[in-house]
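Pasted below: upload.tsv, TSV, C-alpha atoms and all ligand atoms.
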chain	number	residue	atom	x	y	z
A	1	MET	CA	96.46	79.39	109.09
A	2	ILE	CA	95.81	80.75	105.61
A	3	TYR	CA	96.31	84.31	104.37
A	4	ASP	CA	94.27	85.04	101.27
A	5	ILE	CA	96.44	87.50	99.33
A	6	THR	CA	94.00	87.85	96.41
A	7	PRO	CA	92.05	91.10	96.06
A	8	VAL	CA	88.32	90.65	95.47
A	9	VAL	CA	87.49	90.47	91.74
A	10	SER	CA	84.49	92.67	91.06
A	11	GLU	CA	83.42	95.38	88.64
A	12	ARG	CA	84.83	97.83	91.22
A	13	LEU	CA	88.36	96.49	90.72
A	14	HIS	CA	90.37	99.14	88.87
A	15	VAL	CA	92.38	97.45	86.10
A	16	TRP	CA	95.40	99.05	84.39
A	17	PRO	CA	94.23	102.22	82.58
A	18	GLY	CA	93.17	101.26	79.04
A	19	ASP	CA	92.94	97.54	79.85
A	20	THR	CA	89.66	95.58	79.70
A	21	PRO	CA	87.62	96.15	82.88
A	22	VAL	CA	85.73	93.41	84.70
A	23	LYS	CA	82.23	92.78	83.38
A	24	ARG	CA	79.84	90.10	84.57
A	25	GLN	CA	77.14	89.15	82.10
A	26	VAL	CA	74.24	87.40	83.77
A	27	LEU	CA	72.64	85.14	81.14
A	28	LEU	CA	70.20	83.41	83.50
A	29	ASP	CA	69.16	84.43	87.01
A	30	MET	CA	67.13	82.34	89.48
A	31	LYS	CA	66.03	85.56	91.20
A	32	ARG	CA	64.27	86.43	87.92
A	33	GLY	CA	62.63	83.01	87.71
A	34	ASP	CA	65.16	81.22	85.51
A	35	HIS	CA	65.86	77.56	86.29
A	36	LEU	CA	69.45	78.39	87.29
A	37	THR	CA	71.91	81.28	87.49
A	38	LEU	CA	74.52	81.50	84.76
A	39	SER	CA	77.15	84.19	84.18
A	40	GLY	CA	79.87	85.04	81.74
A	41	LEU	CA	82.95	87.11	82.53
A	42	SER	CA	84.97	89.48	80.39
A	43	ALA	CA	88.15	91.08	81.71
A	44	THR	CA	91.85	91.49	81.13
A	45	VAL	CA	93.87	88.44	82.18
A	46	HIS	CA	96.05	90.88	84.20
A	47	LEU	CA	93.26	90.87	86.74
A	48	GLY	CA	93.93	91.62	90.40
A	49	ALA	CA	96.37	88.99	91.66
A	50	HIS	CA	97.84	87.53	88.47
A	51	ALA	CA	100.82	85.73	86.99
A	52	ASP	CA	102.51	87.42	84.02
A	53	ALA	CA	103.64	84.99	81.32
A	54	PRO	CA	107.02	85.64	79.68
A	55	SER	CA	105.11	86.15	76.39
A	56	HIS	CA	103.75	89.39	77.92
A	57	TYR	CA	107.21	90.96	77.62
A	58	GLY	CA	109.16	88.65	75.27
A	59	ALA	CA	107.89	88.08	71.71
A	60	ASP	CA	108.95	84.42	71.42
A	61	ALA	CA	108.74	83.58	75.11
A	62	ARG	CA	106.44	81.09	76.85
A	63	ALA	CA	102.71	81.67	77.20
A	64	ILE	CA	101.06	81.09	80.55
A	65	HIS	CA	99.96	77.50	79.78
A	66	GLU	CA	103.61	76.61	79.17
A	67	MET	CA	104.83	77.72	82.59
A	68	SER	CA	105.86	75.02	85.06
A	69	LEU	CA	103.58	75.01	88.11
A	70	ASP	CA	106.67	74.60	90.23
A	71	TYR	CA	107.18	78.38	90.12
A	72	TYR	CA	103.86	79.05	91.81
A	73	LEU	CA	103.86	76.45	94.54
A	74	GLY	CA	106.21	76.09	97.48
A	75	LEU	CA	108.34	77.78	100.11
A	76	CYS	CA	108.09	81.56	99.99
A	77	GLN	CA	109.46	84.49	101.96
A	78	VAL	CA	107.39	87.64	102.54
A	79	ILE	CA	109.62	90.69	102.89
A	80	ARG	CA	108.39	94.15	103.86
A	81	VAL	CA	110.45	96.92	102.24
A	82	SER	CA	110.05	100.55	103.16
A	83	ALA	CA	109.41	102.33	99.90
A	84	SER	CA	107.94	105.72	99.18
A	85	ARG	CA	105.55	106.35	96.29
A	86	GLY	CA	107.34	106.18	92.96
A	87	ALA	CA	110.52	104.69	94.49
A	88	SER	CA	112.80	102.14	92.81
A	89	ILE	CA	113.62	99.32	95.21
A	90	ARG	CA	117.31	98.48	95.41
A	91	PRO	CA	119.04	95.23	96.41
A	92	GLU	CA	120.45	96.94	99.55
A	93	GLN	CA	116.88	97.06	100.89
A	94	LEU	CA	116.66	93.28	101.05
A	95	PRO	CA	117.60	91.35	104.16
A	96	GLU	CA	121.02	89.75	104.02
A	97	ARG	CA	119.62	86.26	103.81
A	98	VAL	CA	116.84	85.20	101.49
A	99	ALA	CA	115.71	81.79	102.64
A	100	ALA	CA	113.24	80.64	99.99
A	101	GLY	CA	112.97	80.15	96.24
A	102	ARG	CA	110.03	82.54	96.08
A	103	VAL	CA	109.91	86.09	97.42
A	104	LEU	CA	106.93	88.39	97.88
A	105	LEU	CA	107.76	92.08	98.39
A	106	ALA	CA	105.27	94.17	100.34
A	107	THR	CA	105.80	97.83	99.42
A	108	GLY	CA	102.51	99.31	100.61
A	109	THR	CA	102.56	101.72	97.65
A	110	PHE	CA	99.36	100.52	95.96
A	111	PRO	CA	96.98	100.43	98.90
A	112	ASP	CA	93.60	100.18	97.18
A	113	PRO	CA	92.97	97.95	94.12
A	114	GLU	CA	89.68	99.77	93.58
A	115	SER	CA	91.43	103.13	93.14
A	116	PHE	CA	94.39	103.02	90.76
A	117	ASN	CA	97.42	105.11	91.78
A	118	ARG	CA	100.16	105.42	89.16
A	119	ASP	CA	102.97	106.29	91.58
A	120	PHE	CA	103.49	102.80	93.00
A	121	ALA	CA	107.07	101.67	93.72
A	122	ALA	CA	108.91	99.59	91.13
A	123	LEU	CA	111.69	97.03	91.38
A	124	THR	CA	115.12	97.39	89.73
A	125	PRO	CA	117.09	95.04	87.44
A	126	GLU	CA	119.82	94.93	90.14
A	127	LEU	CA	117.31	93.68	92.70
A	128	ILE	CA	116.21	90.87	90.39
A	129	GLU	CA	119.83	89.99	89.66
A	130	ARG	CA	120.54	89.75	93.39
A	131	LEU	CA	117.46	87.53	93.96
A	132	HIS	CA	118.46	85.35	91.01
A	133	GLY	CA	121.88	84.99	92.66
A	134	ASN	CA	120.08	83.81	95.81
A	135	GLY	CA	118.32	81.07	93.83
A	136	VAL	CA	114.94	82.83	93.74
A	137	LYS	CA	112.70	81.78	90.83
A	138	LEU	CA	109.55	83.80	91.52
A	139	VAL	CA	109.03	87.36	92.76
A	140	GLY	CA	105.62	88.76	93.67
A	141	VAL	CA	104.61	92.36	94.36
A	142	ASP	CA	101.66	94.26	95.86
A	143	THR	CA	101.61	96.65	92.89
A	144	PRO	CA	100.24	96.35	89.33
A	145	SER	CA	103.71	96.10	87.74
A	146	VAL	CA	107.32	95.31	88.63
A	147	ASP	CA	108.30	98.30	86.43
A	148	HIS	CA	107.27	101.92	86.86
A	149	PHE	CA	103.86	102.89	85.47
A	150	GLU	CA	105.29	105.04	82.65
A	151	SER	CA	107.99	102.56	81.62
A	152	LYS	CA	107.81	101.33	78.02
A	153	ASP	CA	111.15	99.52	77.78
A	154	LEU	CA	110.35	97.46	80.90
A	155	PRO	CA	113.90	96.84	82.19
A	156	VAL	CA	112.70	94.89	85.22
A	157	HIS	CA	110.37	92.59	83.23
A	158	ARG	CA	113.26	91.98	80.80
A	159	THR	CA	115.51	90.96	83.68
A	160	PHE	CA	112.95	88.34	84.71
A	161	LEU	CA	113.02	87.07	81.12
A	162	LYS	CA	116.83	86.93	81.09
A	163	TYR	CA	116.95	84.78	84.24
A	164	ASP	CA	113.87	82.68	83.51
A	165	MET	CA	112.09	83.89	86.64
A	166	ALA	CA	108.32	84.22	87.18
A	167	ILE	CA	106.28	87.27	88.20
A	168	LEU	CA	103.19	87.69	90.37
A	169	GLU	CA	101.55	91.12	90.49
A	170	GLY	CA	98.61	92.72	92.26
A	171	LEU	CA	98.93	90.76	95.52
A	172	ALA	CA	97.25	91.96	98.72
A	173	LEU	CA	100.01	91.78	101.33
A	174	ASP	CA	98.91	94.37	103.92
A	175	GLU	CA	97.83	91.83	106.52
A	176	VAL	CA	100.71	89.41	106.13
A	177	PRO	CA	103.55	89.46	108.68
A	178	PRO	CA	107.01	89.03	107.15
A	179	GLY	CA	108.31	85.47	107.30
A	180	LEU	CA	108.25	82.08	105.63
A	181	TYR	CA	105.11	80.50	104.18
A	182	GLN	CA	103.92	77.99	101.64
A	183	LEU	CA	102.73	79.86	98.56
A	184	ILE	CA	99.96	78.53	96.33
A	185	ALA	CA	99.13	80.77	93.36
A	186	LEU	CA	98.32	78.65	90.32
A	187	PRO	CA	97.59	80.26	86.95
A	188	LEU	CA	94.76	78.91	84.82
A	189	ARG	CA	95.75	76.78	81.84
A	190	LEU	CA	94.92	79.49	79.29
A	191	GLU	CA	96.46	78.46	75.98
A	192	GLY	CA	98.50	81.20	74.35
A	193	PHE	CA	97.63	83.85	76.94
A	194	ASP	CA	100.11	86.39	78.29
A	195	ALA	CA	98.92	86.14	81.91
A	196	SER	CA	96.33	84.54	84.16
A	197	PRO	CA	94.46	85.57	87.28
A	198	VAL	CA	95.48	83.46	90.28
A	199	ARG	CA	93.92	82.68	93.65
A	200	ALA	CA	96.98	83.40	95.72
A	201	ILE	CA	97.25	82.15	99.28
A	202	LEU	CA	99.98	81.80	101.88
A	203	ARG	CA	99.84	78.96	104.36
A	204	THR	CA	101.74	79.30	107.61
A	205	ILE	CA	104.36	76.67	108.23
A	206	SER	CA	103.68	74.79	111.45
A	207	ALA	CA	106.62	74.40	113.79
A	208	SER	CA	105.74	70.82	114.74
A	209	PRO	CA	104.75	68.12	112.25
A	210	ALA	CA	100.97	67.95	111.87
B	1	ZN	ZN	100.72	91.82	84.52
What would the structure in this file look like if it were written as C-alpha cells?
Amino acid sequence: MIYDITPVVSERLHVWPGDTPVKRQVLLDMKRGDHLTLSGLSATVHLGAHADAPSHYGADARAIHEMSLDYYLGLCQVIRVSASRGASIRPEQLPERVAAGRVLLATGTFPDPESFNRDFAALTPELIERLHGNGVKLVGVDTPSVDHFESKDLPVHRTFLKYDMAILEGLALDEVPPGLYQLIALPLRLEGFDASPVRAILRTISASPA
C-alpha cells in the first residue's frame, strides 16, 4: 500500500507569506482549438512537500542538486507527537527507540496547506541532536518550517547543517498511521537551487517477502 504524503500543488496552495505563489501559464490549450496543451509553471521551490537544501540556511553549503539521493530514499519511521499550536517539540516527546535512518514527525499543527497558519509547532536543536545520536539522517515535518514562523536565526535549521542532516517540510501526514515505511521523496536536479518540490510517498513494508 502507498500513502501519498504530498499536498496537491495548485494555485490554491498557500505558500510562505511573501514567497512566490503558484501560477500556471497556459500557452496552448486544446480546449481552445490549439494542436496540444502546453503550460508553464512559476512558483517558489519551497512548494508544498519539499526538500530544503543546506544552501537555504548555510551560505557555502550544498545546493539541492548536490544532495545525495540516499537521504530521500529508504527506511523511515512515522512518529506522531502531541504538540499544541506554537509548541517547541522536545526530545522527551520521542519514543525511546528510533528504528530508522529517516523520521517523519506528524504534529497536526498545520492542518490545511491552502490556509496558512503561522502558529505551527517547531522542532528544537536538542531534538535534532538526539535524532542525530540515533543515526537519523533525514527529518520530515507536516509544517512549513522546522523552526518557528518568526525565527530569523533558525537554530533548528542550523543544527541540521551542523550534523549534515536533510530536511523535508510541508508533508501531509494526517492519514498515516505511525510505524515503519519505505520513504521515496526525491528532489528535482535543480542546479544551484536552495530547495526542490518532491513527490513524497510512503510504502508499507510487507511482513512476508513478495
Ligand atoms: Zn523550505
Neighbourhood of ligand ZN 1 (chain B) at 7 Å, counting only C-alpha atoms and all ligand atoms, reported as a ChimeraX atom specification: /A:46,50-52,144-145,169,195
I'd like the neighbourhood of A:Ile184 as a PyMOL selection string, where a residue qualifies if any of its atoms comes within 7 Å (using only C-alpha atoms), though same-chain residues fewer than 4 positions away should be ignored. chain A and resi 72-74+200-202
What does the file look like for those residues with C-alpha atoms, as a short mmCIF file (atom, residue, chain, number, x, y, z; two decimals), keeping the file's coordinate frame?
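Contents of selection.cif, freshly written:
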data_model
loop_
_atom_site.label_atom_id
_atom_site.label_comp_id
_atom_site.auth_asym_id
_atom_site.auth_seq_id
_atom_site.Cartn_x
_atom_site.Cartn_y
_atom_site.Cartn_z
CA TYR A 72 103.86 79.05 91.81
CA LEU A 73 103.86 76.45 94.54
CA GLY A 74 106.21 76.09 97.48
CA ALA A 200 96.98 83.40 95.72
CA ILE A 201 97.25 82.15 99.28
CA LEU A 202 99.98 81.80 101.88
#
Interatomic distance between atom CA of A:Arg199 and atom CA of A:Glu126?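 So the two atoms, atom CA of A:Arg199 and atom CA of A:Glu126, lie 28.9 Å apart.
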Do a neighbour search on A:Glu92 at 10 Å with all atoms listed in the file, toss out local chain neighbours closer than 3 positions, and write the hits as a list in words.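 So the residues in contact are Ile89, Pro95, Glu96, Glu126, Leu127 and Arg130 of chain A.
Of the listed residues (A:Glu129, A:Glu114, A:Asp153, A:Asp194), A:Glu114 comes nearest to A:Gly170; the distances count all atoms listed in the file.
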Closest of A:Leu190, A:Val81, A:Val26, A:Ala122 to A:Asp174 - atom-to-atom distances counting all atoms listed in the file: A:Val81
Restricting the calculation to all atoms listed in the file, which member of A:Tyr3, A:Val156, A:Leu27, A:Gly101 is positioned closest to A:Asp70?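 Using all atoms listed in the file, the shortest distance to A:Asp70 belongs to A:Gly101.
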Atom-to-atom span, atom CA of A:Asp147 and atom CA of A:Gly133, Å: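 Distance between the two atoms: 20.0 Å.
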What's around A:Phe120 at 10 Å? Count only C-alpha atoms, leave out sequence neighbours fewer than 4 positions away in its own chain, and write the answer as an MDAnalysis selection string. chainID A and resid 83:88 107:111 116 142:149
With distances taken over all atoms listed in the file, which residue among A:Ala121, A:Pro54, A:Glu175, A:Pro91 lies nearest A:Tyr163?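 Once distances to A:Tyr163 are computed over all atoms listed in the file, the minimum belongs to A:Pro54.
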How many Å separate atom CA of A:Leu138 from atom CA of A:Ser151?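 Answer for the atom CA of A:Leu138 to atom CA of A:Ser151 separation: 21.3 Å.
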When you count only C-alpha atoms, which of these residues is closest to A:Val9: A:Asp29, A:Ala43, A:Leu123, A:Val98?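 Distance minimum relative to A:Val9 lands on A:Ala43.
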What residues have an atom no more than 7 Å from (88.3, 96.0, 77.8) in the file's own frame, counting only C-alpha atoms, and can you write them as number ranges by chain? A: 19-21, 43-44
